[in-house]
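Chemist: Take this structure, written in structure tokens, and hold onto it; I'll ask about it next.
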Amino acid sequence: MKDAVIAELVQHAADELRHAEMITSRIVQLGGVLLQDPREWFKWSSCGYEAPSDSYVRSILEQNIRGEQCAITVYNQLIQEVGFKDPVTYNLVVQILQDEVMHEEDLQALLEDLSALTRK
Ligand SMILES: [Fe+2]
């Protein structure tokens, strides 16, 4: 399962970087100021960062599922907050939310496959 999980997480990392680029571009379009110091990212992060402490595949999957679920909650809140006051941002956040929901589903499927394998 390890190779399948690695492939999935590499794809998710590429998606997350794309999301960051979409969001930073929108912040600049709106005249906002980007956080230049990575230490500030942790202070302002809605979901924080949970460093991997256990390399077991099940632990990695569970940790990443929690991260995706947090992201889904945050993007849902953002959609509620933005509403139709800013359709461009609304559309951008909906696109990202769709990816996050897919990420969570993909990781849940891998976790179910792992559970099925370890039951036998
Ligand atoms: Fe994600």
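Here, A, B, ... name the chains of the structure tokens in the order displayed, residue numbers run from 1 inside each chain, and ligands are numbered from 1 in the same displayed order.
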Per residue of chain A within 8 Å of ligand 1, what are the shortest atom pair and its distance in Å to one decimal, counting only C-alpha atoms and all ligand atoms, with rows by chain and residue number, as JSON lines?
Modeler:
```
{"residue": "A:His12", "atom": "CA", "partner": "ligand 1", "partner_atom_place_in_ligand_line": "1 (Fe)", "distance": 5.8}
{"residue": "A:Ala13", "atom": "CA", "partner": "ligand 1", "partner_atom_place_in_ligand_line": "1 (Fe)", "distance": 7.6}
{"residue": "A:Asp15", "atom": "CA", "partner": "ligand 1", "partner_atom_place_in_ligand_line": "1 (Fe)", "distance": 7.0}
{"residue": "A:Glu16", "atom": "CA", "partner": "ligand 1", "partner_atom_place_in_ligand_line": "1 (Fe)", "distance": 6.0}
{"residue": "A:Gly67", "atom": "CA", "partner": "ligand 1", "partner_atom_place_in_ligand_line": "1 (Fe)", "distance": 7.4}
{"residue": "A:Glu68", "atom": "CA", "partner": "ligand 1", "partner_atom_place_in_ligand_line": "1 (Fe)", "distance": 5.1}
{"residue": "A:Ala71", "atom": "CA", "partner": "ligand 1", "partner_atom_place_in_ligand_line": "1 (Fe)", "distance": 7.0}
{"residue": "A:Asp99", "atom": "CA", "partner": "ligand 1", "partner_atom_place_in_ligand_line": "1 (Fe)", "distance": 6.5}
{"residue": "A:Glu100", "atom": "CA", "partner": "ligand 1", "partner_atom_place_in_ligand_line": "1 (Fe)", "distance": 4.3}
{"residue": "A:Val101", "atom": "CA", "partner": "ligand 1", "partner_atom_place_in_ligand_line": "1 (Fe)", "distance": 7.6}
{"residue": "A:Met102", "atom": "CA", "partner": "ligand 1", "partner_atom_place_in_ligand_line": "1 (Fe)", "distance": 7.9}
{"residue": "A:His103", "atom": "CA", "partner": "ligand 1", "partner_atom_place_in_ligand_line": "1 (Fe)", "distance": 5.2}
{"residue": "A:Glu104", "atom": "CA", "partner": "ligand 1", "partner_atom_place_in_ligand_line": "1 (Fe)", "distance": 7.0}
```
Chemist: For the selection just defined, write its residues with C-alpha atoms to a file, as a PDB file, in the first residue's frame.
Modeler:
```
ATOM      1  CA  HIS A  12      -2.271  15.952  -3.512  1.00  0.00           C
ATOM      2  CA  ALA A  13       0.856  18.002  -2.825  1.00  0.00           C
ATOM      3  CA  ASP A  15      -2.872  20.140  -6.049  1.00  0.00           C
ATOM      4  CA  GLU A  16      -2.202  21.968  -2.761  1.00  0.00           C
ATOM      5  CA  GLY A  67      -6.065  17.553   7.267  1.00  0.00           C
ATOM      6  CA  GLU A  68      -8.426  17.200   4.309  1.00  0.00           C
ATOM      7  CA  ALA A  71      -9.616  22.014   4.793  1.00  0.00           C
ATOM      8  CA  ASP A  99     -10.449  19.022  -4.976  1.00  0.00           C
ATOM      9  CA  GLU A 100     -10.325  18.721  -1.185  1.00  0.00           C
ATOM     10  CA  VAL A 101     -13.443  16.554  -1.119  1.00  0.00           C
ATOM     11  CA  MET A 102     -11.868  14.321  -3.772  1.00  0.00           C
ATOM     12  CA  HIS A 103      -8.624  14.149  -1.781  1.00  0.00           C
ATOM     13  CA  GLU A 104     -10.509  13.075   1.331  1.00  0.00           C
TER      14      GLU A 104
END
```
Chemist: Might you pull out every residue within 10 Å of Val82 in chain A, with only C-alpha atoms counted and same-chain residues fewer than 6 positions away left off, and present them as an mmCIF file with N, CA, C and O atoms, in the first residue's frame?
Modeler:
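In the end it all went to part-v8.cif:
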```cif
data_model
loop_
_atom_site.group_PDB
_atom_site.id
_atom_site.type_symbol
_atom_site.label_atom_id
_atom_site.label_comp_id
_atom_site.auth_asym_id
_atom_site.auth_seq_id
_atom_site.Cartn_x
_atom_site.Cartn_y
_atom_site.Cartn_z
ATOM 1 N N VAL A 88 -16.008 35.887 -8.042
ATOM 2 C CA VAL A 88 -14.733 35.328 -8.508
ATOM 3 C C VAL A 88 -14.093 34.497 -7.391
ATOM 4 O O VAL A 88 -13.658 33.351 -7.612
ATOM 5 N N THR A 89 -14.048 35.072 -6.191
ATOM 6 C CA THR A 89 -13.483 34.328 -5.057
ATOM 7 C C THR A 89 -14.356 33.122 -4.729
ATOM 8 O O THR A 89 -13.843 32.034 -4.452
ATOM 9 N N TYR A 90 -15.652 33.315 -4.778
ATOM 10 C CA TYR A 90 -16.596 32.219 -4.513
ATOM 11 C C TYR A 90 -16.295 31.044 -5.440
ATOM 12 O O TYR A 90 -16.149 29.898 -4.996
ATOM 13 N N ASN A 91 -16.180 31.310 -6.735
ATOM 14 C CA ASN A 91 -15.908 30.264 -7.719
ATOM 15 C C ASN A 91 -14.566 29.579 -7.457
ATOM 16 O O ASN A 91 -14.448 28.362 -7.542
ATOM 17 N N VAL A 93 -12.981 29.297 -4.602
ATOM 18 C CA VAL A 93 -13.053 28.469 -3.381
ATOM 19 C C VAL A 93 -13.853 27.194 -3.646
ATOM 20 O O VAL A 93 -13.491 26.127 -3.139
#
```
Chemist: Please identify all polymer residues within 8 Å of Met22 in chain A, counting only C-alpha atoms, omitting same-chain residues fewer than 4 positions from it, and present them as a count of residues only.
Modeler: 3
Chemist: Report the distance between CA of Glu112 in chain A and CA of Tyr49 in chain A in Å, rounded to one decimal place.
Modeler: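 Computed distance, CA of Glu112 in chain A to CA of Tyr49 in chain A, equals 24.4 Å.
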Chemist: Would you please work out which residue, of A:Gln63, A:Ser115, A:Asn76, A:Ser53, is nearest to Met1 in chain A when using only C-alpha atoms?
Modeler: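 With only C-alpha atoms as the atom set, the closest residue is A:Ser115.
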Chemist: Fewer than 3 positions away in the same chain doesn't count, so skip those; otherwise give me all residues within 12 Å of Glu50 in chain A, counting only C-alpha atoms, as a PyMOL selection string.
Modeler: chain A and resi 42+45+47+53-54+59-60+62-68+70
Chemist: Using only C-alpha atoms, find the one residue out of A:Leu111, A:Ala20, A:Val94, A:Val74 that sits nearest to Gly48 in chain A.
Modeler: A:Val74
Chemist: Distance CA of Glu8 in chain A-CA of Leu107 in chain A, one decimal place?
Modeler: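 Computing the Euclidean distance for CA of Glu8 in chain A and CA of Leu107 in chain A yields 7.9 Å.
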Chemist: Can you work out the spacing between CA of Pro52 in chain A and CA of Lys2 in chain A in Å, to one decimal?
Modeler: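 Spanning CA of Pro52 in chain A to CA of Lys2 in chain A is a straight-line distance of 14.9 Å.
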